[in-house]
Every structure is written in C-alpha cells, then in structure tokens.
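Chemist: My structure is in query.pdb, and what it holds is PDB, C-alpha atoms:
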ATOM      1  CA  MET A 519       2.613  22.081 -31.405  1.00  0.00           C
ATOM      2  CA  LYS A 520       5.262  19.415 -30.843  1.00  0.00           C
ATOM      3  CA  LEU A 521       6.818  18.970 -27.423  1.00  0.00           C
ATOM      4  CA  SER A 522      10.478  18.206 -26.833  1.00  0.00           C
ATOM      5  CA  ALA A 523      11.537  14.683 -25.893  1.00  0.00           C
ATOM      6  CA  GLU A 524      12.122  15.876 -22.316  1.00  0.00           C
ATOM      7  CA  LEU A 525       8.584  17.257 -22.000  1.00  0.00           C
ATOM      8  CA  ARG A 526       7.098  14.126 -23.569  1.00  0.00           C
ATOM      9  CA  ALA A 527       8.937  12.071 -20.967  1.00  0.00           C
ATOM     10  CA  PHE A 528       7.613  14.363 -18.249  1.00  0.00           C
ATOM     11  CA  GLN A 529       4.079  13.763 -19.537  1.00  0.00           C
ATOM     12  CA  ASP A 530       4.641  10.059 -18.941  1.00  0.00           C
ATOM     13  CA  ARG A 531       5.873  10.674 -15.389  1.00  0.00           C
ATOM     14  CA  LEU A 532       2.915  12.956 -14.764  1.00  0.00           C
ATOM     15  CA  GLY A 533       0.445  10.467 -16.188  1.00  0.00           C
ATOM     16  CA  HIS A 534      -1.331  12.914 -18.489  1.00  0.00           C
ATOM     17  CA  ARG A 535      -0.880  13.427 -22.216  1.00  0.00           C
ATOM     18  CA  PHE A 536      -1.830  16.954 -23.199  1.00  0.00           C
ATOM     19  CA  ALA A 537      -4.294  17.604 -25.997  1.00  0.00           C
ATOM     20  CA  ARG A 538      -3.093  21.210 -25.808  1.00  0.00           C
ATOM     21  CA  PRO A 539       0.676  20.870 -25.288  1.00  0.00           C
ATOM     22  CA  GLU A 540       1.102  24.652 -25.182  1.00  0.00           C
ATOM     23  CA  LEU A 541      -0.438  24.540 -21.698  1.00  0.00           C
ATOM     24  CA  LEU A 542       2.349  22.302 -20.446  1.00  0.00           C
ATOM     25  CA  LEU A 543       4.989  24.518 -22.036  1.00  0.00           C
ATOM     26  CA  ARG A 544       3.507  27.546 -20.288  1.00  0.00           C
ATOM     27  CA  ALA A 545       3.337  25.678 -16.967  1.00  0.00           C
ATOM     28  CA  VAL A 546       7.079  24.978 -16.993  1.00  0.00           C
ATOM     29  CA  THR A 547       8.109  28.491 -18.083  1.00  0.00           C
ATOM     30  CA  HIS A 548       9.423  30.557 -15.180  1.00  0.00           C
ATOM     31  CA  PRO A 549       8.978  34.378 -15.282  1.00  0.00           C
ATOM     32  CA  SER A 550      12.736  34.717 -15.800  1.00  0.00           C
ATOM     33  CA  MET A 551      12.259  33.066 -19.210  1.00  0.00           C
ATOM     34  CA  SER A 552       9.072  34.808 -20.329  1.00  0.00           C
ATOM     35  CA  SER A 553       8.962  37.156 -23.311  1.00  0.00           C
ATOM     36  CA  LEU A 554       6.549  38.770 -25.742  1.00  0.00           C
ATOM     37  CA  HIS A 555       6.355  35.407 -27.498  1.00  0.00           C
ATOM     38  CA  ARG A 556       6.275  33.131 -24.440  1.00  0.00           C
ATOM     39  CA  ASP A 557       3.912  33.385 -21.460  1.00  0.00           C
ATOM     40  CA  ASP A 558       5.153  32.454 -17.990  1.00  0.00           C
ATOM     41  CA  ASN A 559       3.441  30.205 -15.453  1.00  0.00           C
ATOM     42  CA  GLN A 560       2.313  32.752 -12.853  1.00  0.00           C
ATOM     43  CA  ARG A 561      -1.354  32.860 -13.861  1.00  0.00           C
ATOM     44  CA  LEU A 562      -1.452  29.073 -14.039  1.00  0.00           C
ATOM     45  CA  GLU A 563       0.122  28.895 -10.586  1.00  0.00           C
ATOM     46  CA  PHE A 564      -2.688  31.084  -9.230  1.00  0.00           C
ATOM     47  CA  LEU A 565      -5.321  28.767 -10.687  1.00  0.00           C
ATOM     48  CA  GLY A 566      -3.535  25.553  -9.766  1.00  0.00           C
ATOM     49  CA  ASP A 567      -3.330  26.580  -6.135  1.00  0.00           C
ATOM     50  CA  ARG A 568      -7.148  26.835  -6.037  1.00  0.00           C
ATOM     51  CA  VAL A 569      -7.699  23.537  -7.856  1.00  0.00           C
ATOM     52  CA  LEU A 570      -5.310  21.774  -5.487  1.00  0.00           C
ATOM     53  CA  GLY A 571      -7.031  23.336  -2.484  1.00  0.00           C
ATOM     54  CA  LEU A 572     -10.475  22.128  -3.539  1.00  0.00           C
ATOM     55  CA  VAL A 573      -9.240  18.597  -4.248  1.00  0.00           C
ATOM     56  CA  MET A 574      -7.442  18.358  -0.901  1.00  0.00           C
ATOM     57  CA  ALA A 575     -10.378  19.740   1.074  1.00  0.00           C
ATOM     58  CA  GLU A 576     -12.730  17.224  -0.526  1.00  0.00           C
ATOM     59  CA  ALA A 577     -10.261  14.348  -0.076  1.00  0.00           C
ATOM     60  CA  LEU A 578      -9.779  15.087   3.623  1.00  0.00           C
ATOM     61  CA  LEU A 579     -13.518  15.203   4.247  1.00  0.00           C
ATOM     62  CA  GLU A 580     -13.912  11.839   2.525  1.00  0.00           C
ATOM     63  CA  ALA A 581     -10.922  10.293   4.333  1.00  0.00           C
ATOM     64  CA  ASP A 582     -12.174  11.221   7.810  1.00  0.00           C
ATOM     65  CA  PRO A 583     -15.935  11.951   7.941  1.00  0.00           C
ATOM     66  CA  ALA A 584     -15.820  12.410  11.721  1.00  0.00           C
ATOM     67  CA  ALA A 585     -12.989  14.966  11.831  1.00  0.00           C
ATOM     68  CA  ALA A 586     -13.761  18.443  13.127  1.00  0.00           C
ATOM     69  CA  GLU A 587     -12.696  21.586  11.262  1.00  0.00           C
ATOM     70  CA  GLY A 588      -9.963  22.173  13.836  1.00  0.00           C
ATOM     71  CA  GLN A 589      -8.440  18.800  12.947  1.00  0.00           C
ATOM     72  CA  LEU A 590      -8.874  19.175   9.203  1.00  0.00           C
ATOM     73  CA  ALA A 591      -7.338  22.647   8.853  1.00  0.00           C
ATOM     74  CA  PRO A 592      -3.753  21.746   9.869  1.00  0.00           C
ATOM     75  CA  ARG A 593      -3.869  18.595   7.735  1.00  0.00           C
ATOM     76  CA  TYR A 594      -5.043  20.662   4.782  1.00  0.00           C
ATOM     77  CA  ASN A 595      -2.276  23.212   5.314  1.00  0.00           C
ATOM     78  CA  ALA A 596       0.318  20.439   5.415  1.00  0.00           C
ATOM     79  CA  LEU A 597      -0.913  18.971   2.116  1.00  0.00           C
ATOM     80  CA  VAL A 598      -1.141  22.177   0.079  1.00  0.00           C
ATOM     81  CA  ARG A 599       1.872  24.089   1.398  1.00  0.00           C
ATOM     82  CA  LYS A 600       4.678  24.952  -0.964  1.00  0.00           C
ATOM     83  CA  GLU A 601       7.075  22.414   0.569  1.00  0.00           C
ATOM     84  CA  THR A 602       4.693  19.547  -0.201  1.00  0.00           C
ATOM     85  CA  CYS A 603       4.143  20.756  -3.764  1.00  0.00           C
ATOM     86  CA  ALA A 604       7.923  20.953  -4.185  1.00  0.00           C
ATOM     87  CA  ALA A 605       8.337  17.399  -2.887  1.00  0.00           C
ATOM     88  CA  VAL A 606       5.829  16.149  -5.480  1.00  0.00           C
ATOM     89  CA  ALA A 607       7.667  18.152  -8.139  1.00  0.00           C
ATOM     90  CA  ARG A 608      10.912  16.404  -7.208  1.00  0.00           C
ATOM     91  CA  GLU A 609       9.268  12.988  -7.395  1.00  0.00           C
ATOM     92  CA  THR A 610       8.230  13.697 -10.987  1.00  0.00           C
ATOM     93  CA  ASP A 611      11.578  15.385 -11.778  1.00  0.00           C
ATOM     94  CA  LEU A 612       9.731  18.540 -12.795  1.00  0.00           C
ATOM     95  CA  GLY A 613      12.835  20.623 -12.171  1.00  0.00           C
ATOM     96  CA  ALA A 614      14.604  18.968 -15.104  1.00  0.00           C
ATOM     97  CA  VAL A 615      12.135  20.408 -17.635  1.00  0.00           C
ATOM     98  CA  LEU A 616      11.687  23.922 -16.247  1.00  0.00           C
ATOM     99  CA  LYS A 617      12.396  26.779 -18.647  1.00  0.00           C
ATOM    100  CA  LEU A 618      14.583  29.201 -16.699  1.00  0.00           C
ATOM    101  CA  GLY A 619      16.462  32.380 -17.473  1.00  0.00           C
ATOM    102  CA  ARG A 620      20.239  32.435 -17.222  1.00  0.00           C
ATOM    103  CA  SER A 621      20.309  34.031 -13.757  1.00  0.00           C
ATOM    104  CA  GLU A 622      17.875  31.486 -12.319  1.00  0.00           C
ATOM    105  CA  MET A 623      19.833  28.609 -13.783  1.00  0.00           C
ATOM    106  CA  LYS A 624      23.066  29.921 -12.285  1.00  0.00           C
ATOM    107  CA  SER A 625      21.470  30.319  -8.850  1.00  0.00           C
ATOM    108  CA  GLY A 626      20.213  26.733  -8.766  1.00  0.00           C
ATOM    109  CA  GLY A 627      16.621  27.492  -9.706  1.00  0.00           C
ATOM    110  CA  ARG A 628      15.821  23.877 -10.566  1.00  0.00           C
ATOM    111  CA  ARG A 629      16.290  22.974  -6.888  1.00  0.00           C
ATOM    112  CA  LYS A 630      14.551  25.937  -5.243  1.00  0.00           C
ATOM    113  CA  GLU A 631      11.639  24.988  -3.018  1.00  0.00           C
ATOM    114  CA  ALA A 632       9.321  27.862  -3.918  1.00  0.00           C
ATOM    115  CA  LEU A 633      10.094  27.685  -7.627  1.00  0.00           C
ATOM    116  CA  LEU A 634       9.365  23.948  -7.750  1.00  0.00           C
ATOM    117  CA  GLY A 635       6.190  24.347  -5.700  1.00  0.00           C
ATOM    118  CA  ASP A 636       4.924  27.136  -7.942  1.00  0.00           C
ATOM    119  CA  ALA A 637       5.637  25.093 -11.061  1.00  0.00           C
ATOM    120  CA  MET A 638       3.786  22.075  -9.645  1.00  0.00           C
ATOM    121  CA  GLU A 639       0.716  24.232  -9.052  1.00  0.00           C
ATOM    122  CA  ALA A 640       1.008  25.540 -12.615  1.00  0.00           C
ATOM    123  CA  VAL A 641       1.133  21.989 -13.980  1.00  0.00           C
ATOM    124  CA  ILE A 642      -2.038  21.140 -12.028  1.00  0.00           C
ATOM    125  CA  ALA A 643      -3.770  24.126 -13.628  1.00  0.00           C
ATOM    126  CA  ALA A 644      -2.547  23.051 -17.057  1.00  0.00           C
ATOM    127  CA  VAL A 645      -4.102  19.606 -16.595  1.00  0.00           C
ATOM    128  CA  TYR A 646      -7.325  21.216 -15.383  1.00  0.00           C
ATOM    129  CA  LEU A 647      -7.555  23.509 -18.419  1.00  0.00           C
ATOM    130  CA  ASP A 648      -6.573  20.716 -20.775  1.00  0.00           C
ATOM    131  CA  ALA A 649      -8.976  18.013 -19.579  1.00  0.00           C
ATOM    132  CA  GLY A 650     -11.229  19.329 -16.812  1.00  0.00           C
ATOM    133  CA  PHE A 651     -11.594  18.969 -13.060  1.00  0.00           C
ATOM    134  CA  ALA A 652     -11.973  15.185 -12.954  1.00  0.00           C
ATOM    135  CA  ALA A 653      -8.662  14.710 -14.772  1.00  0.00           C
ATOM    136  CA  ALA A 654      -6.898  17.218 -12.516  1.00  0.00           C
ATOM    137  CA  ARG A 655      -8.336  15.546  -9.429  1.00  0.00           C
ATOM    138  CA  ALA A 656      -7.176  12.123 -10.610  1.00  0.00           C
ATOM    139  CA  ARG A 657      -3.627  13.383 -11.209  1.00  0.00           C
ATOM    140  CA  ILE A 658      -3.471  15.149  -7.834  1.00  0.00           C
ATOM    141  CA  MET A 659      -4.737  12.097  -5.963  1.00  0.00           C
ATOM    142  CA  ALA A 660      -2.200   9.887  -7.746  1.00  0.00           C
ATOM    143  CA  LEU A 661       0.726  12.262  -7.219  1.00  0.00           C
ATOM    144  CA  TRP A 662      -0.042  13.035  -3.564  1.00  0.00           C
ATOM    145  CA  GLY A 663      -0.702   9.345  -2.919  1.00  0.00           C
ATOM    146  CA  ASP A 664      -0.812   8.207   0.686  1.00  0.00           C
ATOM    147  CA  ARG A 665       0.115  11.665   1.964  1.00  0.00           C
ATOM    148  CA  ILE A 666      -3.628  12.257   2.266  1.00  0.00           C
ATOM    149  CA  THR A 667      -4.218   9.349   4.608  1.00  0.00           C
ATOM    150  CA  THR A 668      -0.950   9.521   6.521  1.00  0.00           C
ATOM    151  CA  VAL A 669      -0.798  13.271   7.157  1.00  0.00           C
ATOM    152  CA  LYS A 670      -0.543  13.711  10.909  1.00  0.00           C
ATOM    153  CA  ALA A 671      -3.737  14.599  12.700  1.00  0.00           C
ATOM    154  CA  ASP A 672      -1.860  17.342  14.508  1.00  0.00           C
ATOM    155  CA  ALA A 673      -0.003  18.514  11.405  1.00  0.00           C
ATOM    156  CA  ARG A 674       1.472  21.961  11.913  1.00  0.00           C
ATOM    157  CA  ASP A 675       3.460  24.229   9.652  1.00  0.00           C
ATOM    158  CA  ALA A 676       7.222  24.156  10.044  1.00  0.00           C
ATOM    159  CA  LYS A 677       7.482  27.518  11.838  1.00  0.00           C
ATOM    160  CA  THR A 678       4.994  26.454  14.497  1.00  0.00           C
ATOM    161  CA  ALA A 679       6.636  23.054  14.918  1.00  0.00           C
ATOM    162  CA  LEU A 680      10.113  24.609  15.257  1.00  0.00           C
ATOM    163  CA  GLN A 681       8.897  27.112  17.850  1.00  0.00           C
ATOM    164  CA  GLU A 682       7.273  24.343  19.872  1.00  0.00           C
ATOM    165  CA  TRP A 683      10.470  22.285  19.636  1.00  0.00           C
ATOM    166  CA  ALA A 684      12.499  25.192  21.002  1.00  0.00           C
ATOM    167  CA  GLN A 685      10.047  26.029  23.787  1.00  0.00           C
ATOM    168  CA  ALA A 686       9.903  22.394  24.908  1.00  0.00           C
ATOM    169  CA  ARG A 687      13.662  22.627  25.528  1.00  0.00           C
ATOM    170  CA  GLY A 688      13.547  25.934  27.381  1.00  0.00           C
ATOM    171  CA  GLN A 689      14.885  27.990  24.467  1.00  0.00           C
ATOM    172  CA  HIS A 690      13.688  31.363  23.214  1.00  0.00           C
ATOM    173  CA  PRO A 691      11.555  31.371  20.035  1.00  0.00           C
ATOM    174  CA  PRO A 692      13.518  31.048  16.758  1.00  0.00           C
ATOM    175  CA  VAL A 693      14.804  34.280  15.214  1.00  0.00           C
ATOM    176  CA  TYR A 694      14.287  34.926  11.483  1.00  0.00           C
ATOM    177  CA  GLU A 695      16.501  37.358   9.575  1.00  0.00           C
ATOM    178  CA  GLU A 696      16.711  38.304   5.916  1.00  0.00           C
ATOM    179  CA  SER A 697      20.323  37.617   4.967  1.00  0.00           C
ATOM    180  CA  ALA A 698      20.131  38.344   1.233  1.00  0.00           C
ATOM    181  CA  ARG A 699      17.883  39.469  -1.578  1.00  0.00           C
ATOM    182  CA  SER A 700      18.493  38.905  -5.281  1.00  0.00           C
ATOM    183  CA  GLY A 701      16.756  38.822  -8.629  1.00  0.00           C
ATOM    184  CA  PRO A 702      14.804  41.462 -10.550  1.00  0.00           C
ATOM    185  CA  ASP A 703      12.125  43.600  -8.928  1.00  0.00           C
ATOM    186  CA  HIS A 704       9.324  41.633 -10.593  1.00  0.00           C
ATOM    187  CA  ALA A 705      10.648  38.302  -9.279  1.00  0.00           C
ATOM    188  CA  PRO A 706      12.783  38.850  -6.171  1.00  0.00           C
ATOM    189  CA  GLN A 707      14.379  35.999  -4.240  1.00  0.00           C
ATOM    190  CA  PHE A 708      14.680  36.275  -0.471  1.00  0.00           C
ATOM    191  CA  THR A 709      17.171  34.344   1.637  1.00  0.00           C
ATOM    192  CA  ILE A 710      16.068  33.928   5.237  1.00  0.00           C
ATOM    193  CA  GLN A 711      18.186  32.551   8.064  1.00  0.00           C
ATOM    194  CA  VAL A 712      16.543  31.095  11.154  1.00  0.00           C
ATOM    195  CA  SER A 713      18.539  30.657  14.349  1.00  0.00           C
ATOM    196  CA  LEU A 714      17.944  28.988  17.698  1.00  0.00           C
ATOM    197  CA  GLN A 715      19.251  30.103  21.068  1.00  0.00           C
ATOM    198  CA  SER A 716      21.492  27.018  21.015  1.00  0.00           C
ATOM    199  CA  GLY A 717      23.321  28.439  17.982  1.00  0.00           C
ATOM    200  CA  GLN A 718      21.891  26.032  15.433  1.00  0.00           C
ATOM    201  CA  SER A 719      20.711  27.672  12.212  1.00  0.00           C
ATOM    202  CA  ALA A 720      19.588  27.065   8.657  1.00  0.00           C
ATOM    203  CA  SER A 721      18.690  29.192   5.662  1.00  0.00           C
ATOM    204  CA  ALA A 722      16.496  28.960   2.585  1.00  0.00           C
ATOM    205  CA  THR A 723      15.712  31.028  -0.502  1.00  0.00           C
ATOM    206  CA  ALA A 724      12.251  31.582  -1.984  1.00  0.00           C
ATOM    207  CA  GLY A 725      10.202  34.071  -3.953  1.00  0.00           C
ATOM    208  CA  SER A 726       8.547  35.475  -0.828  1.00  0.00           C
ATOM    209  CA  LYS A 727       9.745  36.040   2.726  1.00  0.00           C
ATOM    210  CA  ARG A 728       6.964  33.844   4.081  1.00  0.00           C
ATOM    211  CA  HIS A 729       7.907  30.885   1.902  1.00  0.00           C
ATOM    212  CA  ALA A 730      11.598  31.363   2.679  1.00  0.00           C
ATOM    213  CA  GLU A 731      10.870  31.451   6.419  1.00  0.00           C
ATOM    214  CA  HIS A 732       8.871  28.240   6.233  1.00  0.00           C
ATOM    215  CA  ALA A 733      11.507  26.501   4.125  1.00  0.00           C
ATOM    216  CA  ALA A 734      14.276  27.588   6.506  1.00  0.00           C
ATOM    217  CA  ALA A 735      12.244  26.449   9.502  1.00  0.00           C
ATOM    218  CA  GLN A 736      11.670  23.052   7.874  1.00  0.00           C
ATOM    219  CA  ALA A 737      15.372  22.681   7.085  1.00  0.00           C
ATOM    220  CA  LEU A 738      16.351  23.470  10.677  1.00  0.00           C
ATOM    221  CA  LEU A 739      13.599  21.271  12.099  1.00  0.00           C
ATOM    222  CA  ASP A 740      14.800  18.346   9.985  1.00  0.00           C
ATOM    223  CA  ARG A 741      18.334  18.947  11.198  1.00  0.00           C
ATOM    224  CA  VAL A 742      17.615  19.164  14.932  1.00  0.00           C
ATOM    225  CA  GLU A 743      15.223  16.213  14.898  1.00  0.00           C
ATOM    226  CA  ALA A 744      17.840  14.070  13.178  1.00  0.00           C
ATOM    227  CA  GLU A 745      20.489  14.787  15.817  1.00  0.00           C
TER
END
Represent the structure from my file as structure tokens, please.

Modeler:
Amino acid sequence: MKLSAELRAFQDRLGHRFARPELLLRAVTHPSMSSLHRDDNQRLEFLGDRVLGLVMAEALLEADPAAAEGQLAPRYNALVRKETCAAVARETDLGAVLKLGRSEMKSGGRRKEALLGDAMEAVIAAVYLDAGFAAARARIMALWGDRITTVKADARDAKTALQEWAQARGQHPPVYEESARSGPDHAPQFTIQVSLQSGQSASATAGSKRHAEHAAAQALLDRVEAE
C-alpha cells in the first residue's frame, strides 16, 4: 500500500516509517469517514490509551524513584489526559492528515481537542502494532519530551484546578451546562459551557461530556490566569 505525500510527511514528523502503512491510514480515519471498505480509528484509540498509560507510569517511576503514589497519580493524569494528547497532536500537525467526513470538516474537526487526542492515541497504537512496544515507547518519550520531567508535582486536572481557583477568591464552584449537542448517535459531539460566579465563562466541544467539561475548564482557567 502506498501512502499519500501528506501521510509520508507525517511519518517524518512522527519519526516512524511504517512497515504496514495501512495501520497509519486506519489511525487517522475518524468514524465519520469509516465505511465497509475503510476501518476507523476507535479500536486503535482504545489500545493506544493503554500503551500510553503503561509508558507514562514506567517513565514517572524512573524519573522520581522516591515519589509516593499520591504524588505520581496526578502527574500521570496530567500526562495522559486528552488535552495533553491533543497538544502533542498539534505539535506533529496530525490534524492536517486526519480523514474526516463532511460534517466533521465543516464543524472544525481538525481543531477539536477530543478528536485530536483520540487520533494521537490511535497513532501510538499503530506504531505499537507495526513495530512493537519498544518502538512505541521510544516515540512516546520523544513526542512527550520534557513534559515527563517538568510536570508539576501537584498536577491536577483542569476542573479541580478551576474549582480551587474560584474557591480561593471566595466564589461558588464553577457551573457546567450542556449548551449544544450535534453529530450522529454513534459519534455525538457535546458542547459544554462553564461559568464562574464572576460572570466569566468558556465553552468546548468534545465526543463526551467529561472531555468537553475538562476542555472548557482548561480554556477558562487559561483565560482567568492570563488576566
């Protein structure tokens, strides 16, 4: 199977040349583009999430042999969460090579946090199936880079951090509301808006309410901390 010029260029950015290029094609195929003749990346995403988790757990133990489980858990969560996977996807310009259906393309699918994060996990699985665990580990360590050593010791997910920010300023906890839902039943997209007592708000869209809540919380946290 011959890959397109765009996918060959992505291989170079990824740092892995596929012996089985069909794995890469599957990894970048969103469910909105799947068909009887083309598999989507959902099963690869499931596997890639587990491969990433094992690599990060091992890396954290090696980076800080004295750390207790209570210190390691929030660091781990910060490294494997969908927002981090999406950030890595952006650094490799994964969004540019995603195979999306017409509706996803029109709704800005190449920029969606959850969609990018899912695709990055699928790419990890594709490398693992193509060349084994050692190759997948090497790619993950290279792509995540110094995130592993610089992740904050008290790393918390965005929802927790936003709530603590609000409470420290005497505000009520943030309020999350579903403002929209779109897409087919098999691949819905949820838009969640988070608001603070001060009136500040932000929204985000993702394939699950949980991911949308976290993305919205991160967007609002970034905004209030920058002011």

Chemist: Please determine, counting only C-alpha atoms, which residue among A:Gln689, A:Thr709, A:Gln681, A:Thr547 has the shortest atom-to-atom distance to Ala735 of chain A.

Modeler: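 The closest residue to Ala735 of chain A is A:Gln681.
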
Chemist: Interatomic distance between atom CA of Phe528 of chain A and atom CA of Met659 of chain A?

Modeler: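 Between these atoms lies a distance of 17.6 Å.
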
Chemist: Report, as AutoDock Vina command-line options, the centre and edge lengths in Å (one decimal) of the axis-aligned box enclosing every listed atom of segment 591-601 of chain A, padded by 5 Å on each side.

Modeler:
--center_x -0.1 --center_y 21.8 --center_z 4.5 --size_x 24.4 --size_y 16.4 --size_z 20.8

Chemist: Which residue is closest to Leu578 of chain A? Choose from A:Asp664, A:Asp675, A:Asp740, A:Glu696 and count all atoms listed in the file.

Modeler: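 Counting all atoms listed in the file, the residue closest to Leu578 of chain A is A:Asp664.
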
Chemist: Skipping near chain neighbours, those fewer than 2 positions away, what residues fall within 10 Å of Arg544 of chain A using all atoms listed in the file, listed as a PyMOL selection string?

Modeler: chain A and resi 539-542+546-548+552+556-562+616-617+637+640-641+644

Chemist: Using the selection just defined, write its residues with C-alpha atoms as a CSV table (one decimal), in the frame of the given file.

Modeler:
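Saved as part.csv:
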chain,number,residue,atom,x,y,z
A,539,PRO,CA,0.7,20.9,-25.3
A,540,GLU,CA,1.1,24.7,-25.2
A,541,LEU,CA,-0.4,24.5,-21.7
A,542,LEU,CA,2.3,22.3,-20.4
A,546,VAL,CA,7.1,25.0,-17.0
A,547,THR,CA,8.1,28.5,-18.1
A,548,HIS,CA,9.4,30.6,-15.2
A,552,SER,CA,9.1,34.8,-20.3
A,556,ARG,CA,6.3,33.1,-24.4
A,557,ASP,CA,3.9,33.4,-21.5
A,558,ASP,CA,5.2,32.5,-18.0
A,559,ASN,CA,3.4,30.2,-15.5
A,560,GLN,CA,2.3,32.8,-12.9
A,561,ARG,CA,-1.4,32.9,-13.9
A,562,LEU,CA,-1.5,29.1,-14.0
A,616,LEU,CA,11.7,23.9,-16.2
A,617,LYS,CA,12.4,26.8,-18.6
A,637,ALA,CA,5.6,25.1,-11.1
A,640,ALA,CA,1.0,25.5,-12.6
A,641,VAL,CA,1.1,22.0,-14.0
A,644,ALA,CA,-2.5,23.1,-17.1

Chemist: Written as a CSV table (one decimal) with C-alpha atoms, in the frame of the given file, what is the full residue list that the PyMOL selection byres ((chain A and resi 631) around 7) yields on the file shown?

Modeler:
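Wrote out.csv, looks like this:
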chain,number,residue,atom,x,y,z
A,601,GLU,CA,7.1,22.4,0.6
A,604,ALA,CA,7.9,21.0,-4.2
A,629,ARG,CA,16.3,23.0,-6.9
A,630,LYS,CA,14.6,25.9,-5.2
A,632,ALA,CA,9.3,27.9,-3.9
A,633,LEU,CA,10.1,27.7,-7.6
A,634,LEU,CA,9.4,23.9,-7.8
A,635,GLY,CA,6.2,24.3,-5.7
A,724,ALA,CA,12.3,31.6,-2.0

Chemist: Find the residues near Ala654 of chain A: any atom within 10 Å, counting only C-alpha atoms, skip ones fewer than 2 places away on the same chain, and give them as a compact mmCIF listing (two decimals) with C-alpha atoms, in the coordinates of the input.

Modeler:
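Listing of around09.txt after writing:
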# COMPACT_ATOMS: atom_id res chain seq x y z
CA HIS A 534 -1.33 12.91 -18.49
CA GLY A 566 -3.54 25.55 -9.77
CA VAL A 569 -7.70 23.54 -7.86
CA LEU A 570 -5.31 21.77 -5.49
CA VAL A 573 -9.24 18.60 -4.25
CA VAL A 641 1.13 21.99 -13.98
CA ILE A 642 -2.04 21.14 -12.03
CA ALA A 643 -3.77 24.13 -13.63
CA ALA A 644 -2.55 23.05 -17.06
CA VAL A 645 -4.10 19.61 -16.60
CA TYR A 646 -7.32 21.22 -15.38
CA LEU A 647 -7.56 23.51 -18.42
CA ASP A 648 -6.57 20.72 -20.78
CA ALA A 649 -8.98 18.01 -19.58
CA GLY A 650 -11.23 19.33 -16.81
CA PHE A 651 -11.59 18.97 -13.06
CA ALA A 652 -11.97 15.18 -12.95
CA ALA A 656 -7.18 12.12 -10.61
CA ARG A 657 -3.63 13.38 -11.21
CA ILE A 658 -3.47 15.15 -7.83
CA MET A 659 -4.74 12.10 -5.96
CA ALA A 660 -2.20 9.89 -7.75

Chemist: Which one of A:Arg599, A:Arg593, A:His690, A:Arg531 sits closest to Val669 of chain A if you count all atoms listed in the file?

Modeler: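 That would be A:Arg593, the residue with the smallest distance to Val669 of chain A.
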
Chemist: I'd like the contact shell of Ala722 of chain A - 8 Å cut-off, all atoms listed in the file, skipping same-chain residues fewer than 2 positions apart - returned as a PyMOL selection string.

Modeler: chain A and resi 709-711+720+724+730-731+733-734+737

Chemist: Which residues would end up in the selection if the PyMOL selection byres ((chain A and resi 715-717) around 12) were applied here, given that I need the answer as number ranges by chain?

Modeler: A: 681, 683-685, 687-694, 711-714, 718-720, 738, 742

Chemist: My list of candidates is A:Phe536, A:Phe708, A:Trp662, A:Tyr594. Which is closest to Glu576 of chain A when distances are computed with only C-alpha atoms?

Modeler: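 With only C-alpha atoms as the atom set, the closest residue is A:Tyr594.
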
Chemist: Just to confirm, what's the straight-line distance from atom CA of Thr667 of chain A to atom CA of Ala596 of chain A in Å (one decimal)?

Modeler: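 Between these atoms lies a distance of 12.0 Å.
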
Chemist: Using the chain letters and numbers from the file, which residues does the PyMOL selection byres ((chain A and resi 703-706) around 9) grab, as JSON, numbers by chain?

Modeler: {"A": [549, 550, 699, 700, 701, 702, 707, 708, 724, 725, 726]}

Chemist: Please, what distance in Å, to one decimal, runs between atom CA of Cys603 of chain A and atom CA of Ala586 of chain A?

Modeler: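 It comes out at 24.7 Å.
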